[in-house]
Each structure stands twice: as structure tokens, then as C-alpha cells.
>>> print(open('upload26.cif').read())   # mmCIF, C-alpha atoms and all ligand atoms
data_entry
#
loop_
_atom_site.label_atom_id
_atom_site.label_comp_id
_atom_site.auth_asym_id
_atom_site.auth_seq_id
_atom_site.Cartn_x
_atom_site.Cartn_y
_atom_site.Cartn_z
CA MET A 1383 0.00 0.00 0.00
CA THR A 1384 1.49 3.31 -1.10
CA ILE A 1385 -0.14 6.49 0.12
CA GLU A 1386 0.89 9.40 -2.11
CA ASN A 1387 0.25 13.13 -2.49
CA THR A 1388 -0.23 14.62 -5.96
CA LEU A 1389 -0.79 18.14 -7.28
CA SER A 1390 -4.01 19.01 -9.07
CA ILE A 1391 -5.01 22.27 -10.74
CA ILE A 1392 -8.59 23.06 -11.72
CA LYS A 1393 -7.97 25.21 -14.81
CA PRO A 1394 -9.60 28.53 -15.82
CA ASP A 1395 -12.09 26.95 -18.28
CA ALA A 1396 -13.56 24.99 -15.35
CA THR A 1397 -13.58 27.76 -12.71
CA ARG A 1398 -15.27 30.04 -15.30
CA ARG A 1399 -18.10 27.50 -15.69
CA ASN A 1400 -18.48 26.99 -11.90
CA LEU A 1401 -17.32 23.36 -12.06
CA THR A 1402 -15.01 23.30 -9.00
CA GLY A 1403 -17.50 21.34 -6.88
CA SER A 1404 -18.41 18.87 -9.64
CA ILE A 1405 -14.72 18.16 -10.27
CA ASN A 1406 -13.97 17.81 -6.55
CA ALA A 1407 -16.82 15.29 -6.32
CA LYS A 1408 -15.05 13.14 -8.94
CA PHE A 1409 -11.84 13.17 -6.88
CA GLU A 1410 -13.65 12.27 -3.67
CA GLN A 1411 -15.68 9.51 -5.37
CA ALA A 1412 -12.36 8.00 -6.50
CA GLY A 1413 -11.11 7.90 -2.89
CA LEU A 1414 -8.78 10.89 -3.18
CA ASN A 1415 -8.77 13.25 -0.18
CA ILE A 1416 -8.40 17.00 -0.85
CA ILE A 1417 -5.86 17.82 1.87
CA ALA A 1418 -5.06 21.37 0.70
CA GLN A 1419 -6.75 23.76 -1.68
CA LYS A 1420 -6.50 27.41 -2.74
CA ARG A 1421 -7.93 29.62 -5.45
CA LEU A 1422 -5.30 31.76 -7.19
CA GLN A 1423 -4.87 34.09 -10.13
CA LEU A 1424 -1.57 32.95 -11.66
CA THR A 1425 0.81 35.58 -13.02
CA LYS A 1426 2.50 35.07 -16.39
CA ASP A 1427 5.79 34.48 -14.58
CA MET A 1428 4.27 31.73 -12.39
CA ALA A 1429 2.59 29.98 -15.35
CA GLN A 1430 5.80 30.08 -17.41
CA LYS A 1431 7.79 28.62 -14.49
CA PHE A 1432 5.21 25.95 -13.75
CA TYR A 1433 5.05 24.77 -17.39
CA GLU A 1434 8.79 25.24 -18.05
CA ILE A 1435 9.15 21.60 -19.24
CA HIS A 1436 6.88 22.53 -22.19
CA LYS A 1437 8.74 25.75 -23.12
CA ASP A 1438 9.87 24.42 -26.51
CA ARG A 1439 6.48 22.97 -27.48
CA PRO A 1440 4.53 24.94 -30.12
CA PHE A 1441 1.55 25.41 -27.79
CA PHE A 1442 3.57 26.89 -24.88
CA ASN A 1443 2.63 30.58 -25.28
CA ASP A 1444 -1.06 29.78 -25.81
CA LEU A 1445 -1.01 27.45 -22.80
CA VAL A 1446 0.48 30.15 -20.56
CA ASP A 1447 -2.09 32.72 -21.79
CA PHE A 1448 -4.89 30.23 -21.14
CA MET A 1449 -3.63 29.42 -17.62
CA ILE A 1450 -3.69 33.13 -16.67
CA SER A 1451 -7.07 33.83 -18.35
CA GLY A 1452 -8.94 33.40 -15.06
CA PRO A 1453 -8.65 31.90 -11.57
CA VAL A 1454 -7.32 28.40 -10.97
CA VAL A 1455 -7.80 26.16 -7.93
CA THR A 1456 -4.59 24.44 -6.87
CA GLN A 1457 -4.96 21.44 -4.61
CA VAL A 1458 -3.15 18.51 -3.08
CA LEU A 1459 -4.88 15.14 -3.44
CA ARG A 1460 -3.89 12.28 -1.14
CA GLY A 1461 -4.65 8.59 -1.31
CA GLU A 1462 -3.45 5.17 -2.31
CA ASN A 1463 -1.49 5.48 -5.60
CA ALA A 1464 -2.78 9.06 -5.83
CA VAL A 1465 -0.63 10.04 -8.84
CA LYS A 1466 -1.98 7.20 -11.01
CA VAL A 1467 -5.53 7.29 -9.64
CA ASN A 1468 -5.76 11.03 -10.31
CA ARG A 1469 -4.51 10.60 -13.91
CA GLU A 1470 -7.19 7.95 -14.42
CA VAL A 1471 -9.95 10.19 -13.02
CA MET A 1472 -8.72 13.08 -15.22
CA GLY A 1473 -8.74 11.08 -18.47
CA ALA A 1474 -6.65 11.61 -21.62
CA THR A 1475 -5.16 15.05 -22.41
CA ASN A 1476 -7.44 15.37 -25.47
CA PRO A 1477 -11.08 15.06 -24.31
CA LYS A 1478 -11.89 13.30 -27.60
CA ASP A 1479 -9.70 10.39 -26.44
CA ALA A 1480 -10.84 10.43 -22.80
CA GLU A 1481 -12.81 7.52 -21.32
CA LYS A 1482 -16.45 7.90 -20.36
CA GLY A 1483 -16.91 9.14 -16.80
CA THR A 1484 -13.55 10.95 -16.64
CA ILE A 1485 -13.32 14.66 -15.80
CA ARG A 1486 -11.97 15.61 -19.22
CA LYS A 1487 -14.62 13.56 -21.09
CA GLU A 1488 -17.42 15.19 -19.10
CA PHE A 1489 -16.14 18.74 -18.72
CA ALA A 1490 -13.17 19.64 -20.97
CA GLU A 1491 -13.72 22.10 -23.82
CA SER A 1492 -10.63 21.24 -25.92
CA ILE A 1493 -7.14 19.70 -25.79
CA GLU A 1494 -5.89 22.99 -24.29
CA ALA A 1495 -8.88 23.98 -22.14
CA ASN A 1496 -9.02 20.53 -20.58
CA SER A 1497 -10.25 21.51 -17.09
CA VAL A 1498 -7.55 19.89 -14.91
CA HIS A 1499 -3.83 19.39 -14.48
CA GLY A 1500 -2.39 16.46 -12.55
CA SER A 1501 1.21 15.54 -11.74
CA ASP A 1502 2.49 12.74 -13.98
CA SER A 1503 4.99 11.11 -11.56
CA LEU A 1504 5.67 10.99 -7.82
CA GLU A 1505 8.88 12.95 -8.32
CA ASN A 1506 7.10 15.72 -10.28
CA ALA A 1507 4.27 15.69 -7.71
CA LYS A 1508 6.71 16.57 -4.91
CA CYS A 1509 8.21 19.36 -7.00
CA GLU A 1510 4.82 20.74 -8.10
CA ILE A 1511 3.32 20.59 -4.58
CA SER A 1512 6.23 22.63 -3.21
CA PHE A 1513 5.69 25.17 -6.03
CA PHE A 1514 2.29 26.07 -4.55
CA PHE A 1515 2.16 24.83 -0.95
CA ALA A 1516 4.18 24.95 2.25
CA GLU A 1517 4.40 21.70 4.24
CA ILE A 1518 2.24 23.18 7.06
CA GLU A 1519 -0.63 23.76 4.60
CA LEU A 1520 -1.08 20.01 3.98
CA ILE A 1521 -3.60 18.89 6.58
CA TYR A 1522 -4.30 15.18 7.04
P1 LIG B 1 -1.40 18.32 -17.55
O1 LIG B 1 0.12 18.43 -17.54
O2 LIG B 1 -2.09 19.66 -17.66
O3 LIG B 1 -1.91 17.46 -16.43
P2 LIG B 1 -1.19 16.29 -19.54
O4 LIG B 1 -0.05 15.75 -18.72
O5 LIG B 1 -2.32 15.38 -19.88
O6 LIG B 1 -1.83 17.56 -18.87
P3 LIG B 1 0.80 17.54 -21.22
O7 LIG B 1 1.33 16.86 -22.41
O8 LIG B 1 1.64 17.61 -19.97
O9 LIG B 1 -0.63 16.90 -20.88
O10 LIG B 1 0.39 19.01 -21.66
C1 LIG B 1 0.19 20.03 -20.70
C2 LIG B 1 -1.01 20.84 -21.10
O11 LIG B 1 -0.73 21.53 -22.31
C3 LIG B 1 -2.27 20.02 -21.42
O12 LIG B 1 -3.02 19.68 -20.30
C4 LIG B 1 -3.03 20.99 -22.29
O13 LIG B 1 -3.69 22.00 -21.52
C5 LIG B 1 -1.91 21.63 -23.10
N1 LIG B 1 -1.66 20.93 -24.36
C6 LIG B 1 -1.09 19.71 -24.54
N2 LIG B 1 -1.02 19.36 -25.82
C7 LIG B 1 -1.57 20.40 -26.50
C8 LIG B 1 -1.80 20.68 -27.88
N3 LIG B 1 -1.44 19.80 -28.84
N4 LIG B 1 -2.40 21.86 -28.20
C9 LIG B 1 -2.75 22.75 -27.25
N5 LIG B 1 -2.56 22.56 -25.93
C10 LIG B 1 -1.98 21.40 -25.56
MG MG B 2 1.55 16.99 -18.02
#
>>> encode(input="upload26.cif", output="C-alpha cells")
Amino acid sequence: MTIENTLSIIKPDATRRNLTGSINAKFEQAGLNIIAQKRLQLTKDMAQKFYEIHKDRPFFNDLVDFMISGPVVTQVLRGENAVKVNREVMGATNPKDAEKGTIRKEFAESIEANSVHGSDSLENAKCEISFFFAEIELIY
């Protein structure tokens, strides 16, 4: 049994459509506990730093502009195999490829405006959590 923490971001397309609660319900139904959460307006500098691994991808500038187009909700999800479980609940990057019942299938608008971010490895999760949260903000 491996209990993990992973970083989740509810993206601006979802906060704009008042979907924070519906998305959180999906996490909780999957057994993930929301152990920290805050609503933020990212600055361009923060979004560029957060998505630095994608800086050479053709969609980088559009992605940064999208991520600062409205509020986001950053959160830490905790549970057994949380990194993998969260990626399953999110569904594929492109909502057209996402499985029925996943967040992106039900809520995403496009491959870019795809409602949620989730860490893709335990190592990245640790790094991404510390980008947004201090240790004392994780309550479990
Ligand atoms: P995330 O990192 O947000 O959890 P992901 O790991 O499924 O998503 P990545 O390949 O890491 O997907 O891409 C990061 C984000 O960049 C995607 O979630 C999406 O918002 C955007 N993105 C990815 N591919 C494209 C694309 N071809 N065109 C436009 N935006 C894209
Ligand atoms: Mg990713």
C-alpha cells in the first residue's frame, strides 16, 4: 500500500463554468482526499515557471495565456497510488480520447482547455506541490 500526495489544478475553463464542486466530487468519489486547496490568479511568470518543461512545445505561449485567463484552484490530493488514480480520473489530455466518466470527457472544452492538471509522476508531484504549498498547509 502506497499512500501518495499529488498536485491538481482546476484550470480557468472549469472555474469560469463553476465546475469546481463537480470536479472535486469526482476526486472524492475516486477515494482521493483533498488535503489542501486554494484559489489563485496565476501571473505570467508563475505559469511560465510551472510549465517550463513545455517551453519548446509549439503550444507553450497559448497554454500560458490560457492558464492566466482566469482563476485556478490548486490542490493537493492524497490517497493510495494518488498520482496514477488522479490521472485515471482526469482522463486523456485530449477530451476526444478520454474515457467515459472521466473529468476531461465530461467537462473539458478542448485539448488545451481541458479543465484539470495532474502531476504525472511521484517525483514531479513533490516538486509541483512545493511550487504552490508549504508543508504546514497540507492537513491530514
Ligand atoms: P497536464 O500536464 O495539464 O496534467 P497532460 O499531462 O495530460 O496535462 P501535457 O502533455 O503535460 O498533458 O500538456 C500540458 C497541457 O498543455 C495540457 O493539459 C493541455 O492543456 C496543453 N496541451 C497539450 N497538448 C496540446 C496541444 N497539442 N495543443 C494545445 N494545448 C496542448
Ligand atoms: Mg503533463
>>> closest_residue(input="upload26.cif", among="A:Val1458, A:Leu1445, A:Ile1450, A:Ile1521", to="ligand LIG 1 (chain B)", atoms="only C-alpha atoms and all ligand atoms")
A:Leu1445
>>> residues_near_point(input="upload26.cif", point="(-10.0, 21.4, -23.9)", cutoff="10 Å", atoms="only C-alpha atoms", output="PyMOL selection string")
chain A and resi 1395-1396+1475-1478+1486-1487+1489-1498
>>> closest_residue(input="upload26.cif", among="A:Asn1506, A:Gln1457, A:Gly1403, A:Phe1514", to="Ala1429 in chain A", atoms="all atoms listed in the file")
A:Phe1514
>>> closest_atom_pairs(input="upload26.cif", of="chain A", to="ligand MG 2 (chain B)", cutoff="10 Å", atoms="all atoms listed in the file", output="JSON lines")
{"residue": "A:Tyr1433", "atom": "CA", "partner": "B:MG2", "partner_atom": "MG", "distance": 8.6}
{"residue": "A:Ile1435", "atom": "CA", "partner": "B:MG2", "partner_atom": "MG", "distance": 9.0}
{"residue": "A:His1436", "atom": "CA", "partner": "B:MG2", "partner_atom": "MG", "distance": 8.7}
{"residue": "A:Arg1469", "atom": "CA", "partner": "B:MG2", "partner_atom": "MG", "distance": 9.7}
{"residue": "A:Thr1475", "atom": "CA", "partner": "B:MG2", "partner_atom": "MG", "distance": 8.2}
{"residue": "A:His1499", "atom": "CA", "partner": "B:MG2", "partner_atom": "MG", "distance": 6.9}
{"residue": "A:Gly1500", "atom": "CA", "partner": "B:MG2", "partner_atom": "MG", "distance": 6.8}
{"residue": "A:Ser1501", "atom": "CA", "partner": "B:MG2", "partner_atom": "MG", "distance": 6.5}
{"residue": "A:Asp1502", "atom": "CA", "partner": "B:MG2", "partner_atom": "MG", "distance": 5.9}
{"residue": "A:Ser1503", "atom": "CA", "partner": "B:MG2", "partner_atom": "MG", "distance": 9.4}
{"residue": "A:Asn1506", "atom": "CA", "partner": "B:MG2", "partner_atom": "MG", "distance": 9.6}
>>> write_last_selection(input="upload26.cif", atoms="C-alpha atoms", output="short mmCIF file (atom, residue, chain, number, x, y, z; two decimals), in the frame of the given file")
data_model
loop_
_atom_site.label_atom_id
_atom_site.label_comp_id
_atom_site.auth_asym_id
_atom_site.auth_seq_id
_atom_site.Cartn_x
_atom_site.Cartn_y
_atom_site.Cartn_z
CA TYR A 1433 5.05 24.77 -17.39
CA ILE A 1435 9.15 21.60 -19.24
CA HIS A 1436 6.88 22.53 -22.19
CA ARG A 1469 -4.51 10.60 -13.91
CA THR A 1475 -5.16 15.05 -22.41
CA HIS A 1499 -3.83 19.39 -14.48
CA GLY A 1500 -2.39 16.46 -12.55
CA SER A 1501 1.21 15.54 -11.74
CA ASP A 1502 2.49 12.74 -13.98
CA SER A 1503 4.99 11.11 -11.56
CA ASN A 1506 7.10 15.72 -10.28
#
>>> closest_residue(input="upload26.cif", among="A:Asn1463, A:Gln1411, A:Gln1430, A:Thr1425", to="ligand LIG 1 (chain B)", atoms="only C-alpha atoms and all ligand atoms")
A:Gln1430
>>> axis_aligned_box(input="upload26.cif", around="ligand LIG 1 (chain B)", padding_each_side="8 Å", output="JSON")
{"center_x": -1.0, "center_y": 19.1, "center_z": -22.6, "size_x": 21.3, "size_y": 23.4, "size_z": 28.4}
>>> atom_distance(input="upload26.cif", atom1="CA of Glu1434 in chain A", atom2="atom O12 of ligand LIG 1 (chain B)")
13.2 Å
>>> residues_around(input="upload26.cif", residues="Asn1400 in chain A", least_positions_apart="4", cutoff="12 Å", atoms="only C-alpha atoms", output="VMD selection string")
chain A and resid 1392 to 1396 1404 to 1406 1452 to 1455 1489 1497
>>> write_last_selection(input="upload26.cif", atoms="C-alpha atoms", output="PDB file, in the frame of the given file")
ATOM      1  CA  ILE A1392      -8.590  23.060 -11.720  1.00  0.00           C
ATOM      2  CA  LYS A1393      -7.970  25.210 -14.810  1.00  0.00           C
ATOM      3  CA  PRO A1394      -9.600  28.530 -15.820  1.00  0.00           C
ATOM      4  CA  ASP A1395     -12.090  26.950 -18.280  1.00  0.00           C
ATOM      5  CA  ALA A1396     -13.560  24.990 -15.350  1.00  0.00           C
ATOM      6  CA  SER A1404     -18.410  18.870  -9.640  1.00  0.00           C
ATOM      7  CA  ILE A1405     -14.720  18.160 -10.270  1.00  0.00           C
ATOM      8  CA  ASN A1406     -13.970  17.810  -6.550  1.00  0.00           C
ATOM      9  CA  GLY A1452      -8.940  33.400 -15.060  1.00  0.00           C
ATOM     10  CA  PRO A1453      -8.650  31.900 -11.570  1.00  0.00           C
ATOM     11  CA  VAL A1454      -7.320  28.400 -10.970  1.00  0.00           C
ATOM     12  CA  VAL A1455      -7.800  26.160  -7.930  1.00  0.00           C
ATOM     13  CA  PHE A1489     -16.140  18.740 -18.720  1.00  0.00           C
ATOM     14  CA  SER A1497     -10.250  21.510 -17.090  1.00  0.00           C
TER      15      SER A1497
END
